[in-house]
$ cat target00.cif   # mmCIF, N, CA and C atoms
data_work
loop_
_atom_site.label_atom_id
_atom_site.label_comp_id
_atom_site.auth_asym_id
_atom_site.auth_seq_id
_atom_site.Cartn_x
_atom_site.Cartn_y
_atom_site.Cartn_z
N MET A 69 0.83 -1.19 0.00
CA MET A 69 0.00 0.00 0.00
C MET A 69 0.87 1.25 0.00
N ARG A 70 1.87 1.29 0.87
CA ARG A 70 2.74 2.45 0.94
C ARG A 70 3.46 2.68 -0.40
N CYS A 71 3.87 1.60 -1.06
CA CYS A 71 4.55 1.70 -2.35
C CYS A 71 3.61 2.33 -3.39
N TRP A 72 2.35 1.92 -3.41
CA TRP A 72 1.38 2.48 -4.36
C TRP A 72 1.17 3.96 -4.11
N MET A 73 1.07 4.34 -2.84
CA MET A 73 0.85 5.74 -2.51
C MET A 73 2.04 6.58 -2.97
N GLY A 74 3.25 6.06 -2.80
CA GLY A 74 4.44 6.77 -3.26
C GLY A 74 4.43 6.92 -4.77
N LYS A 75 4.03 5.88 -5.47
CA LYS A 75 3.98 5.94 -6.93
C LYS A 75 2.92 6.93 -7.38
N MET A 76 1.76 6.94 -6.70
CA MET A 76 0.70 7.88 -7.06
C MET A 76 1.19 9.31 -6.85
N TRP A 77 1.89 9.54 -5.75
CA TRP A 77 2.40 10.86 -5.45
C TRP A 77 3.36 11.32 -6.55
N LEU A 78 4.27 10.44 -6.95
CA LEU A 78 5.24 10.76 -7.99
C LEU A 78 4.56 11.09 -9.31
N VAL A 79 3.63 10.24 -9.74
CA VAL A 79 2.92 10.48 -11.00
C VAL A 79 2.13 11.78 -10.91
N GLY A 80 1.48 12.01 -9.80
CA GLY A 80 0.70 13.24 -9.62
C GLY A 80 1.56 14.48 -9.71
N TRP A 81 2.71 14.47 -9.09
CA TRP A 81 3.60 15.63 -9.13
C TRP A 81 4.15 15.88 -10.52
N ILE A 82 4.48 14.84 -11.24
CA ILE A 82 4.98 15.01 -12.60
C ILE A 82 3.94 15.73 -13.45
N VAL A 83 2.70 15.27 -13.36
CA VAL A 83 1.64 15.88 -14.15
C VAL A 83 1.34 17.29 -13.66
N ALA A 84 1.31 17.49 -12.34
CA ALA A 84 0.99 18.81 -11.80
C ALA A 84 2.05 19.84 -12.18
N LEU A 85 3.32 19.48 -12.11
CA LEU A 85 4.38 20.41 -12.50
C LEU A 85 4.31 20.73 -13.98
N ALA A 86 3.98 19.74 -14.78
CA ALA A 86 3.86 19.98 -16.21
C ALA A 86 2.72 20.95 -16.50
N GLY A 87 1.72 20.97 -15.65
CA GLY A 87 0.55 21.83 -15.84
C GLY A 87 0.85 23.31 -15.77
N LEU A 88 2.01 23.68 -15.29
CA LEU A 88 2.35 25.09 -15.20
C LEU A 88 2.49 25.74 -16.57
N ALA A 89 2.74 24.95 -17.61
CA ALA A 89 2.95 25.51 -18.94
C ALA A 89 1.83 25.11 -19.90
N ALA A 90 0.63 24.93 -19.40
CA ALA A 90 -0.48 24.46 -20.24
C ALA A 90 -1.03 25.57 -21.12
N SER A 91 -1.48 25.18 -22.30
CA SER A 91 -2.16 26.11 -23.19
C SER A 91 -3.18 25.34 -24.02
N PRO A 92 -4.38 25.92 -24.23
CA PRO A 92 -5.37 25.22 -25.04
C PRO A 92 -4.94 25.17 -26.49
N VAL A 93 -5.23 24.07 -27.15
CA VAL A 93 -4.90 23.93 -28.57
C VAL A 93 -6.03 23.20 -29.26
N ARG A 94 -6.04 23.30 -30.57
CA ARG A 94 -6.97 22.49 -31.34
C ARG A 94 -6.30 21.16 -31.60
N ALA A 95 -7.02 20.10 -31.45
CA ALA A 95 -6.47 18.78 -31.70
C ALA A 95 -6.37 18.54 -33.20
N ALA A 96 -5.31 17.89 -33.60
CA ALA A 96 -5.12 17.58 -35.02
C ALA A 96 -5.54 16.15 -35.30
N ASP A 97 -6.12 15.94 -36.47
CA ASP A 97 -6.43 14.60 -36.95
C ASP A 97 -7.23 13.75 -35.97
N GLY A 98 -8.14 14.35 -35.26
CA GLY A 98 -9.00 13.58 -34.37
C GLY A 98 -8.36 13.14 -33.07
N ASP A 99 -7.21 13.72 -32.71
CA ASP A 99 -6.55 13.32 -31.47
C ASP A 99 -7.45 13.49 -30.26
N ALA A 100 -8.16 14.59 -30.19
CA ALA A 100 -9.02 14.84 -29.02
C ALA A 100 -10.06 13.74 -28.87
N ALA A 101 -10.67 13.33 -29.96
CA ALA A 101 -11.68 12.27 -29.91
C ALA A 101 -11.05 10.93 -29.52
N GLU A 102 -9.87 10.65 -30.05
CA GLU A 102 -9.19 9.39 -29.72
C GLU A 102 -8.78 9.36 -28.25
N ILE A 103 -8.27 10.47 -27.76
CA ILE A 103 -7.85 10.56 -26.36
C ILE A 103 -9.06 10.40 -25.45
N ARG A 104 -10.14 11.08 -25.78
CA ARG A 104 -11.35 10.95 -24.97
C ARG A 104 -11.84 9.49 -24.95
N ALA A 105 -11.79 8.83 -26.10
CA ALA A 105 -12.23 7.43 -26.18
C ALA A 105 -11.39 6.53 -25.30
N VAL A 106 -10.09 6.77 -25.23
CA VAL A 106 -9.21 5.96 -24.37
C VAL A 106 -9.58 6.15 -22.91
N ILE A 107 -9.75 7.39 -22.49
CA ILE A 107 -10.11 7.66 -21.09
C ILE A 107 -11.48 7.08 -20.77
N GLU A 108 -12.45 7.27 -21.66
CA GLU A 108 -13.78 6.70 -21.43
C GLU A 108 -13.73 5.17 -21.35
N ALA A 109 -12.92 4.55 -22.19
CA ALA A 109 -12.80 3.09 -22.16
C ALA A 109 -12.17 2.62 -20.85
N GLN A 110 -11.17 3.37 -20.36
CA GLN A 110 -10.58 2.97 -19.08
C GLN A 110 -11.58 3.15 -17.94
N LEU A 111 -12.35 4.23 -17.96
CA LEU A 111 -13.38 4.43 -16.93
C LEU A 111 -14.42 3.31 -16.97
N ALA A 112 -14.79 2.88 -18.17
CA ALA A 112 -15.74 1.77 -18.31
C ALA A 112 -15.12 0.48 -17.77
N ALA A 113 -13.84 0.28 -17.99
CA ALA A 113 -13.17 -0.92 -17.46
C ALA A 113 -13.14 -0.87 -15.93
N PHE A 114 -12.89 0.31 -15.35
CA PHE A 114 -12.94 0.43 -13.89
C PHE A 114 -14.34 0.09 -13.38
N ALA A 115 -15.35 0.61 -14.06
CA ALA A 115 -16.74 0.36 -13.64
C ALA A 115 -17.07 -1.13 -13.67
N ALA A 116 -16.45 -1.87 -14.58
CA ALA A 116 -16.68 -3.31 -14.69
C ALA A 116 -15.68 -4.13 -13.87
N ASP A 117 -14.81 -3.44 -13.12
CA ASP A 117 -13.74 -4.11 -12.37
C ASP A 117 -12.90 -5.01 -13.26
N ASP A 118 -12.68 -4.57 -14.49
CA ASP A 118 -11.87 -5.31 -15.45
C ASP A 118 -10.44 -4.77 -15.40
N ALA A 119 -9.64 -5.34 -14.50
CA ALA A 119 -8.28 -4.87 -14.28
C ALA A 119 -7.42 -4.97 -15.54
N VAL A 120 -7.54 -6.07 -16.27
CA VAL A 120 -6.73 -6.27 -17.46
C VAL A 120 -7.03 -5.20 -18.51
N LYS A 121 -8.30 -4.95 -18.74
CA LYS A 121 -8.70 -3.94 -19.74
C LYS A 121 -8.25 -2.54 -19.30
N ALA A 122 -8.49 -2.19 -18.03
CA ALA A 122 -8.09 -0.88 -17.53
C ALA A 122 -6.59 -0.68 -17.66
N PHE A 123 -5.82 -1.70 -17.33
CA PHE A 123 -4.36 -1.66 -17.39
C PHE A 123 -3.87 -1.50 -18.83
N SER A 124 -4.64 -2.02 -19.77
CA SER A 124 -4.23 -1.96 -21.18
C SER A 124 -4.21 -0.52 -21.71
N PHE A 125 -4.89 0.40 -21.06
CA PHE A 125 -4.92 1.80 -21.49
C PHE A 125 -3.81 2.63 -20.86
N ALA A 126 -3.04 2.02 -19.96
CA ALA A 126 -1.92 2.71 -19.32
C ALA A 126 -0.68 2.60 -20.22
N SER A 127 0.15 3.62 -20.16
CA SER A 127 1.38 3.62 -20.95
C SER A 127 2.32 2.52 -20.44
N PRO A 128 3.29 2.13 -21.25
CA PRO A 128 4.27 1.14 -20.79
C PRO A 128 4.98 1.57 -19.51
N THR A 129 5.25 2.86 -19.35
CA THR A 129 5.90 3.34 -18.13
C THR A 129 5.03 3.06 -16.91
N ILE A 130 3.75 3.36 -17.00
CA ILE A 130 2.83 3.12 -15.88
C ILE A 130 2.69 1.61 -15.65
N GLN A 131 2.62 0.84 -16.72
CA GLN A 131 2.51 -0.61 -16.56
C GLN A 131 3.73 -1.18 -15.84
N ARG A 132 4.92 -0.69 -16.20
CA ARG A 132 6.13 -1.17 -15.51
C ARG A 132 6.11 -0.74 -14.04
N MET A 133 5.61 0.45 -13.78
CA MET A 133 5.58 0.98 -12.42
C MET A 133 4.72 0.11 -11.50
N PHE A 134 3.58 -0.37 -12.00
CA PHE A 134 2.65 -1.14 -11.16
C PHE A 134 2.77 -2.64 -11.36
N GLY A 135 3.32 -3.09 -12.46
CA GLY A 135 3.62 -4.51 -12.64
C GLY A 135 2.48 -5.39 -13.09
N THR A 136 1.37 -5.36 -12.38
CA THR A 136 0.25 -6.24 -12.72
C THR A 136 -1.05 -5.45 -12.81
N PRO A 137 -1.98 -5.94 -13.60
CA PRO A 137 -3.29 -5.28 -13.67
C PRO A 137 -3.97 -5.21 -12.30
N GLU A 138 -3.82 -6.23 -11.50
CA GLU A 138 -4.46 -6.26 -10.18
C GLU A 138 -3.89 -5.17 -9.26
N ASP A 139 -2.57 -5.01 -9.27
CA ASP A 139 -1.95 -3.95 -8.45
C ASP A 139 -2.39 -2.57 -8.94
N PHE A 140 -2.47 -2.41 -10.24
CA PHE A 140 -2.91 -1.14 -10.82
C PHE A 140 -4.34 -0.83 -10.39
N LEU A 141 -5.23 -1.81 -10.52
CA LEU A 141 -6.63 -1.59 -10.13
C LEU A 141 -6.75 -1.29 -8.64
N MET A 142 -5.98 -1.97 -7.81
CA MET A 142 -6.04 -1.71 -6.37
C MET A 142 -5.57 -0.28 -6.06
N MET A 143 -4.53 0.17 -6.76
CA MET A 143 -4.06 1.54 -6.56
C MET A 143 -5.14 2.54 -6.94
N VAL A 144 -5.80 2.33 -8.06
CA VAL A 144 -6.86 3.26 -8.47
C VAL A 144 -8.02 3.21 -7.48
N ARG A 145 -8.42 2.03 -7.10
CA ARG A 145 -9.55 1.86 -6.17
C ARG A 145 -9.28 2.59 -4.85
N THR A 146 -8.07 2.48 -4.32
CA THR A 146 -7.77 3.07 -3.02
C THR A 146 -7.30 4.52 -3.09
N GLY A 147 -6.57 4.87 -4.14
CA GLY A 147 -5.99 6.20 -4.20
C GLY A 147 -6.74 7.19 -5.07
N TYR A 148 -7.58 6.69 -5.97
CA TYR A 148 -8.32 7.54 -6.90
C TYR A 148 -9.79 7.11 -6.93
N PRO A 149 -10.47 7.12 -5.79
CA PRO A 149 -11.84 6.60 -5.78
C PRO A 149 -12.79 7.31 -6.73
N VAL A 150 -12.60 8.60 -6.97
CA VAL A 150 -13.49 9.30 -7.89
C VAL A 150 -13.25 8.84 -9.33
N VAL A 151 -12.03 8.47 -9.67
CA VAL A 151 -11.75 7.93 -11.01
C VAL A 151 -12.28 6.51 -11.11
N TYR A 152 -12.18 5.77 -10.03
CA TYR A 152 -12.66 4.39 -10.00
C TYR A 152 -14.18 4.33 -10.16
N ARG A 153 -14.91 5.25 -9.52
CA ARG A 153 -16.37 5.26 -9.58
C ARG A 153 -16.91 6.69 -9.63
N PRO A 154 -16.72 7.40 -10.73
CA PRO A 154 -17.23 8.77 -10.79
C PRO A 154 -18.75 8.79 -10.89
N SER A 155 -19.36 9.80 -10.26
CA SER A 155 -20.80 9.99 -10.39
C SER A 155 -21.14 10.75 -11.66
N SER A 156 -20.22 11.62 -12.06
CA SER A 156 -20.39 12.34 -13.32
C SER A 156 -19.01 12.63 -13.91
N VAL A 157 -18.99 12.83 -15.21
CA VAL A 157 -17.75 13.06 -15.95
C VAL A 157 -18.00 14.15 -16.99
N LEU A 158 -17.11 15.15 -17.03
CA LEU A 158 -17.21 16.23 -18.01
C LEU A 158 -15.81 16.50 -18.56
N PHE A 159 -15.64 16.33 -19.87
CA PHE A 159 -14.35 16.55 -20.51
C PHE A 159 -14.17 18.02 -20.86
N HIS A 160 -13.02 18.57 -20.51
CA HIS A 160 -12.64 19.93 -20.88
C HIS A 160 -11.88 19.87 -22.20
N PRO A 161 -11.64 21.01 -22.84
CA PRO A 161 -10.87 20.99 -24.09
C PRO A 161 -9.46 20.41 -23.87
N LEU A 162 -8.98 19.72 -24.86
CA LEU A 162 -7.63 19.15 -24.82
C LEU A 162 -6.61 20.27 -24.71
N GLN A 163 -5.56 20.05 -23.92
CA GLN A 163 -4.48 21.02 -23.75
C GLN A 163 -3.17 20.39 -24.19
N VAL A 164 -2.17 21.22 -24.41
CA VAL A 164 -0.82 20.73 -24.67
C VAL A 164 0.08 21.32 -23.60
N VAL A 165 0.83 20.45 -22.92
CA VAL A 165 1.74 20.86 -21.87
C VAL A 165 3.13 20.36 -22.25
N ASN A 166 4.04 21.29 -22.42
CA ASN A 166 5.41 20.93 -22.81
C ASN A 166 5.41 20.00 -24.02
N GLY A 167 4.53 20.27 -24.97
CA GLY A 167 4.47 19.50 -26.20
C GLY A 167 3.69 18.20 -26.12
N GLU A 168 3.16 17.88 -24.96
CA GLU A 168 2.41 16.63 -24.77
C GLU A 168 0.94 16.92 -24.49
N PRO A 169 0.02 16.12 -25.04
CA PRO A 169 -1.40 16.34 -24.79
C PRO A 169 -1.79 16.00 -23.34
N VAL A 170 -2.62 16.86 -22.80
CA VAL A 170 -3.14 16.68 -21.45
C VAL A 170 -4.65 16.89 -21.52
N GLN A 171 -5.39 15.93 -20.96
CA GLN A 171 -6.84 16.01 -20.95
C GLN A 171 -7.33 16.23 -19.53
N VAL A 172 -8.01 17.34 -19.30
CA VAL A 172 -8.61 17.62 -18.00
C VAL A 172 -10.04 17.10 -18.03
N VAL A 173 -10.39 16.32 -17.01
CA VAL A 173 -11.73 15.76 -16.90
C VAL A 173 -12.28 16.12 -15.52
N GLN A 174 -13.42 16.79 -15.51
CA GLN A 174 -14.09 17.12 -14.26
C GLN A 174 -14.95 15.94 -13.86
N MET A 175 -14.80 15.50 -12.61
CA MET A 175 -15.57 14.36 -12.10
C MET A 175 -16.17 14.71 -10.76
N SER A 176 -17.31 14.14 -10.47
CA SER A 176 -17.86 14.27 -9.12
C SER A 176 -17.90 12.90 -8.48
N ASP A 177 -17.73 12.89 -7.16
CA ASP A 177 -17.75 11.62 -6.44
C ASP A 177 -19.13 11.38 -5.84
N ALA A 178 -19.28 10.28 -5.14
CA ALA A 178 -20.58 9.88 -4.59
C ALA A 178 -21.11 10.88 -3.57
N THR A 179 -20.23 11.67 -2.94
CA THR A 179 -20.67 12.65 -1.95
C THR A 179 -20.96 14.01 -2.57
N GLY A 180 -20.77 14.14 -3.90
CA GLY A 180 -21.05 15.39 -4.58
C GLY A 180 -19.85 16.31 -4.71
N HIS A 181 -18.70 15.92 -4.20
CA HIS A 181 -17.51 16.76 -4.36
C HIS A 181 -17.02 16.70 -5.81
N VAL A 182 -16.53 17.83 -6.28
CA VAL A 182 -16.06 17.95 -7.67
C VAL A 182 -14.53 17.89 -7.68
N TRP A 183 -14.02 17.12 -8.63
CA TRP A 183 -12.58 16.91 -8.78
C TRP A 183 -12.16 17.21 -10.20
N LEU A 184 -10.92 17.60 -10.39
CA LEU A 184 -10.32 17.70 -11.71
C LEU A 184 -9.27 16.60 -11.82
N ALA A 185 -9.46 15.74 -12.80
CA ALA A 185 -8.49 14.69 -13.10
C ALA A 185 -7.72 15.15 -14.33
N VAL A 186 -6.41 15.26 -14.19
CA VAL A 186 -5.55 15.73 -15.27
C VAL A 186 -4.79 14.53 -15.81
N TYR A 187 -5.17 14.13 -17.02
CA TYR A 187 -4.58 12.95 -17.67
C TYR A 187 -3.47 13.38 -18.61
N ARG A 188 -2.29 12.83 -18.39
CA ARG A 188 -1.17 13.04 -19.32
C ARG A 188 -1.21 11.89 -20.32
N MET A 189 -1.24 12.25 -21.59
CA MET A 189 -1.38 11.24 -22.64
C MET A 189 -0.08 11.06 -23.40
N GLN A 190 0.11 9.86 -23.92
CA GLN A 190 1.33 9.54 -24.65
C GLN A 190 0.99 8.73 -25.89
N ARG A 191 1.49 9.19 -27.04
CA ARG A 191 1.28 8.44 -28.28
C ARG A 191 2.32 7.33 -28.34
N GLN A 192 1.86 6.12 -28.66
CA GLN A 192 2.73 4.96 -28.74
C GLN A 192 3.27 4.79 -30.16
N PRO A 193 4.32 3.98 -30.34
CA PRO A 193 4.87 3.76 -31.69
C PRO A 193 3.83 3.24 -32.69
N ASP A 194 2.80 2.54 -32.20
CA ASP A 194 1.76 2.05 -33.11
C ASP A 194 0.66 3.09 -33.35
N ALA A 195 0.89 4.33 -32.89
CA ALA A 195 -0.01 5.48 -33.04
C ALA A 195 -1.18 5.48 -32.06
N ALA A 196 -1.28 4.49 -31.19
CA ALA A 196 -2.34 4.46 -30.19
C ALA A 196 -2.01 5.43 -29.05
N TRP A 197 -3.05 6.01 -28.45
CA TRP A 197 -2.87 6.86 -27.28
C TRP A 197 -2.97 6.01 -26.02
N ARG A 198 -2.13 6.31 -25.04
CA ARG A 198 -2.17 5.65 -23.74
C ARG A 198 -2.06 6.71 -22.64
N ILE A 199 -2.59 6.38 -21.48
CA ILE A 199 -2.57 7.28 -20.33
C ILE A 199 -1.23 7.12 -19.62
N ASP A 200 -0.52 8.24 -19.47
CA ASP A 200 0.82 8.21 -18.88
C ASP A 200 0.84 8.86 -17.50
N GLY A 201 -0.31 9.00 -16.90
CA GLY A 201 -0.39 9.55 -15.55
C GLY A 201 -1.68 10.31 -15.37
N CYS A 202 -2.11 10.40 -14.12
CA CYS A 202 -3.33 11.14 -13.79
C CYS A 202 -3.12 11.79 -12.43
N ALA A 203 -3.33 13.08 -12.38
CA ALA A 203 -3.26 13.81 -11.11
C ALA A 203 -4.65 14.32 -10.78
N LEU A 204 -5.00 14.25 -9.51
CA LEU A 204 -6.31 14.71 -9.05
C LEU A 204 -6.17 15.96 -8.21
N ARG A 205 -7.14 16.84 -8.37
CA ARG A 205 -7.20 18.03 -7.54
C ARG A 205 -8.68 18.27 -7.23
N GLN A 206 -9.00 18.42 -5.97
CA GLN A 206 -10.39 18.70 -5.61
C GLN A 206 -10.73 20.14 -5.95
N ALA A 207 -11.83 20.34 -6.64
CA ALA A 207 -12.29 21.69 -6.96
C ALA A 207 -12.96 22.29 -5.73
N ASP A 208 -13.23 23.56 -5.78
CA ASP A 208 -13.82 24.25 -4.63
C ASP A 208 -15.32 24.12 -4.54
N SER A 209 -15.94 23.40 -5.45
CA SER A 209 -17.40 23.36 -5.47
C SER A 209 -17.92 21.94 -5.27
N ARG A 210 -19.21 21.86 -5.11
CA ARG A 210 -19.92 20.57 -5.04
C ARG A 210 -20.91 20.55 -6.18
N SER A 211 -21.13 19.35 -6.72
CA SER A 211 -22.12 19.24 -7.80
C SER A 211 -23.51 19.32 -7.21
N THR A 212 -24.46 19.71 -8.05
CA THR A 212 -25.84 19.83 -7.56
C THR A 212 -26.74 18.89 -8.31
#
$ encode --input "target00.cif" --output "C-alpha cells"
Amino acid sequence: MRCWMGKMWLVGWIVALAGLAASPVRAADGDAAEIRAVIEAQLAAFAADDAVKAFSFASPTIQRMFGTPEDFLMMVRTGYPVVYRPSSVLFHPLQVVNGEPVQVVQMSDATGHVWLAVYRMQRQPDAAWRIDGCALRQADSRST
C-alpha cells in the first residue's frame, strides 16, 4: 500500500508540474476524440472491475511501475476513488503541456464533491494513445 501511494504521489507531481505551462490547442487529426475514447474506455473498465482492460490503457511506463493489472486496479480503487467510480464526468478541451497532450476531466464523487483529473497522454509507436499519468485536484465546489 505504501509503495502504491508513493507511486501515485510521484505520477501526480509530474503531471501537476507539467501543468504550469499548459495552453489550449486544437487537436489535429482527431486526437481529441481518440484521447477521450481511451479515457472513457478505461473508466468503463474500472466500472466493470476489469483490471486487465483498464491496465491496457496505461502507458508502458505506468505498466512497468505497477507490474500487474491487479496492483494497478487496487491503486486506483484506493488512491483515486473518484476515477474508480465517478458519479459524473465532463471533458474539458484538450491542452498541450510541454508539447504533450493533457486532458482535463471534471468528475464528481458519490458525496457530490467535484474533482479535476488531469490525464497526461502519450502516443505509442503504433499510433495508439495511452494514459501516462493522472493527477487529481479537488475543486472548490460541489455538484448539484
$ resolve_selection --input "target00.cif" --expression "the PyMOL selection byres ((chain A and resi 125) around 7)" --output "PyMOL selection string"
chain A and resi 106+110+120-124+126-127+197-200
$ atom_distance --input "target00.cif" --atom1 "CA of Asp194 (chain A)" --atom2 "atom C of Val164 (chain A)"
21.6 Å
$ select_by_dssp --input "target00.cif" --residues "region 101-174 of chain A" --states "helix (DSSP H, G or I)" --output "PyMOL selection string"
chain A and resi 101-115+119-124+128-134+137-147+149-152
$ atom_distance --input "target00.cif" --atom1 "atom C of Ala105 (chain A)" --atom2 "atom N of Ser155 (chain A)"
17.3 Å
$ residues_near_point --input "target00.cif" --point "(-14.7, 20.6, -6.7)" --cutoff "6.5 Å" --atoms "all atoms listed in the file" --output "list in words"
His181, Val182, Trp183, Leu184, Arg205, Gln206, Ala207, Asp208, Ser209 and Arg210 of chain A
$ write_last_selection --input "target00.cif" --atoms "N, CA and C atoms" --output "mmCIF file, in the coordinates of the input"
data_model
loop_
_atom_site.group_PDB
_atom_site.id
_atom_site.type_symbol
_atom_site.label_atom_id
_atom_site.label_comp_id
_atom_site.auth_asym_id
_atom_site.auth_seq_id
_atom_site.Cartn_x
_atom_site.Cartn_y
_atom_site.Cartn_z
ATOM 1 N N HIS A 181 -18.700 15.920 -4.200
ATOM 2 C CA HIS A 181 -17.510 16.760 -4.360
ATOM 3 C C HIS A 181 -17.020 16.700 -5.810
ATOM 4 N N VAL A 182 -16.530 17.830 -6.280
ATOM 5 C CA VAL A 182 -16.060 17.950 -7.670
ATOM 6 C C VAL A 182 -14.530 17.890 -7.680
ATOM 7 N N TRP A 183 -14.020 17.120 -8.630
ATOM 8 C CA TRP A 183 -12.580 16.910 -8.780
ATOM 9 C C TRP A 183 -12.160 17.210 -10.200
ATOM 10 N N LEU A 184 -10.920 17.600 -10.390
ATOM 11 C CA LEU A 184 -10.320 17.700 -11.710
ATOM 12 C C LEU A 184 -9.270 16.600 -11.820
ATOM 13 N N ARG A 205 -7.140 16.840 -8.370
ATOM 14 C CA ARG A 205 -7.200 18.030 -7.540
ATOM 15 C C ARG A 205 -8.680 18.270 -7.230
ATOM 16 N N GLN A 206 -9.000 18.420 -5.970
ATOM 17 C CA GLN A 206 -10.390 18.700 -5.610
ATOM 18 C C GLN A 206 -10.730 20.140 -5.950
ATOM 19 N N ALA A 207 -11.830 20.340 -6.640
ATOM 20 C CA ALA A 207 -12.290 21.690 -6.960
ATOM 21 C C ALA A 207 -12.960 22.290 -5.730
ATOM 22 N N ASP A 208 -13.230 23.560 -5.780
ATOM 23 C CA ASP A 208 -13.820 24.250 -4.630
ATOM 24 C C ASP A 208 -15.320 24.120 -4.540
ATOM 25 N N SER A 209 -15.940 23.400 -5.450
ATOM 26 C CA SER A 209 -17.400 23.360 -5.470
ATOM 27 C C SER A 209 -17.920 21.940 -5.270
ATOM 28 N N ARG A 210 -19.210 21.860 -5.110
ATOM 29 C CA ARG A 210 -19.920 20.570 -5.040
ATOM 30 C C ARG A 210 -20.910 20.550 -6.180
#
$ closest_residue --input "target00.cif" --among "A:Ala109, A:Ala119, A:Val157, A:Thr129" --to "Met142 (chain A)" --atoms "all atoms listed in the file"
A:Ala119
$ resolve_selection --input "target00.cif" --expression "the PyMOL selection byres ((chain A and resi 143-151) around 7)" --output "mmCIF file with N, CA and C atoms, keeping the file's coordinate frame"
data_model
loop_
_atom_site.group_PDB
_atom_site.id
_atom_site.type_symbol
_atom_site.label_atom_id
_atom_site.label_comp_id
_atom_site.auth_asym_id
_atom_site.auth_seq_id
_atom_site.Cartn_x
_atom_site.Cartn_y
_atom_site.Cartn_z
ATOM 1 N N TRP A 72 2.350 1.920 -3.410
ATOM 2 C CA TRP A 72 1.380 2.480 -4.360
ATOM 3 C C TRP A 72 1.170 3.960 -4.110
ATOM 4 N N MET A 73 1.070 4.340 -2.840
ATOM 5 C CA MET A 73 0.850 5.740 -2.510
ATOM 6 C C MET A 73 2.040 6.580 -2.970
ATOM 7 N N LEU A 111 -12.350 4.230 -17.960
ATOM 8 C CA LEU A 111 -13.380 4.430 -16.930
ATOM 9 C C LEU A 111 -14.420 3.310 -16.970
ATOM 10 N N PHE A 114 -12.890 0.310 -15.350
ATOM 11 C CA PHE A 114 -12.940 0.430 -13.890
ATOM 12 C C PHE A 114 -14.340 0.090 -13.380
ATOM 13 N N GLU A 138 -3.820 -6.230 -11.500
ATOM 14 C CA GLU A 138 -4.460 -6.260 -10.180
ATOM 15 C C GLU A 138 -3.890 -5.170 -9.260
ATOM 16 N N ASP A 139 -2.570 -5.010 -9.270
ATOM 17 C CA ASP A 139 -1.950 -3.950 -8.450
ATOM 18 C C ASP A 139 -2.390 -2.570 -8.940
ATOM 19 N N PHE A 140 -2.470 -2.410 -10.240
ATOM 20 C CA PHE A 140 -2.910 -1.140 -10.820
ATOM 21 C C PHE A 140 -4.340 -0.830 -10.390
ATOM 22 N N LEU A 141 -5.230 -1.810 -10.520
ATOM 23 C CA LEU A 141 -6.630 -1.590 -10.130
ATOM 24 C C LEU A 141 -6.750 -1.290 -8.640
ATOM 25 N N MET A 142 -5.980 -1.970 -7.810
ATOM 26 C CA MET A 142 -6.040 -1.710 -6.370
ATOM 27 C C MET A 142 -5.570 -0.280 -6.060
ATOM 28 N N TYR A 152 -12.180 5.770 -10.030
ATOM 29 C CA TYR A 152 -12.660 4.390 -10.000
ATOM 30 C C TYR A 152 -14.180 4.330 -10.160
ATOM 31 N N ARG A 153 -14.910 5.250 -9.520
ATOM 32 C CA ARG A 153 -16.370 5.260 -9.580
ATOM 33 C C ARG A 153 -16.910 6.690 -9.630
ATOM 34 N N PRO A 154 -16.720 7.400 -10.730
ATOM 35 C CA PRO A 154 -17.230 8.770 -10.790
ATOM 36 C C PRO A 154 -18.750 8.790 -10.890
ATOM 37 N N SER A 155 -19.360 9.800 -10.260
ATOM 38 C CA SER A 155 -20.800 9.990 -10.390
ATOM 39 C C SER A 155 -21.140 10.750 -11.660
ATOM 40 N N MET A 175 -14.800 15.500 -12.610
ATOM 41 C CA MET A 175 -15.570 14.360 -12.100
ATOM 42 C C MET A 175 -16.170 14.710 -10.760
ATOM 43 N N SER A 176 -17.310 14.140 -10.470
ATOM 44 C CA SER A 176 -17.860 14.270 -9.120
ATOM 45 C C SER A 176 -17.900 12.900 -8.480
ATOM 46 N N ASP A 177 -17.730 12.890 -7.160
ATOM 47 C CA ASP A 177 -17.750 11.620 -6.440
ATOM 48 C C ASP A 177 -19.130 11.380 -5.840
ATOM 49 N N ALA A 178 -19.280 10.280 -5.140
ATOM 50 C CA ALA A 178 -20.580 9.880 -4.590
ATOM 51 C C ALA A 178 -21.110 10.880 -3.570
#
$ select_by_dssp --input "target00.cif" --residues "region 128-190 of chain A" --states "strand (DSSP E or B)" --output "number ranges by chain"
A: 156-159, 163-165, 168-176, 181-190
$ closest_residue --input "target00.cif" --among "A:Leu162, A:Gly180, A:Gln174, A:Pro137" --to "Asp118 (chain A)" --atoms "all atoms listed in the file"
A:Pro137
$ atom_distance --input "target00.cif" --atom1 "atom N of Ala185 (chain A)" --atom2 "atom N of Cys202 (chain A)"
9.2 Å
$ closest_residue --input "target00.cif" --among "A:Val186, A:Asp117, A:Phe134, A:Pro193" --to "Phe159 (chain A)" --atoms "only C-alpha atoms"
A:Val186
$ axis_aligned_box --input "target00.cif" --around "region 127-136 of chain A" --padding-each-side "4 Å" --output "lines of an AutoDock Vina configuration file"
center_x = 2.5
center_y = -1.3
center_z = -16.2
size_x = 15.2
size_y = 17.9
size_z = 18.1
$ resolve_selection --input "target00.cif" --expression "the PyMOL selection byres (((chain A and resi 169 and name CA) around 9) and name CA)" --output "ChimeraX atom specification"
/A:95,99-100,103,162-168,170-171,187-190
$ decode --input "target00.cif" --residues "region 128-140 of chain A" --atoms "C-alpha atoms" --output "JSON list (two decimals), in the first residue's frame"
[["chain", "number", "residue", "atom", "x", "y", "z"],
["A", 128, "PRO", "CA", 4.27, 1.14, -20.79],
["A", 129, "THR", "CA", 5.90, 3.34, -18.13],
["A", 130, "ILE", "CA", 2.83, 3.12, -15.88],
["A", 131, "GLN", "CA", 2.51, -0.61, -16.56],
["A", 132, "ARG", "CA", 6.13, -1.17, -15.51],
["A", 133, "MET", "CA", 5.58, 0.98, -12.42],
["A", 134, "PHE", "CA", 2.65, -1.14, -11.16],
["A", 135, "GLY", "CA", 3.62, -4.51, -12.64],
["A", 136, "THR", "CA", 0.25, -6.24, -12.72],
["A", 137, "PRO", "CA", -3.29, -5.28, -13.67],
["A", 138, "GLU", "CA", -4.46, -6.26, -10.18],
["A", 139, "ASP", "CA", -1.95, -3.95, -8.45],
["A", 140, "PHE", "CA", -2.91, -1.14, -10.82]]
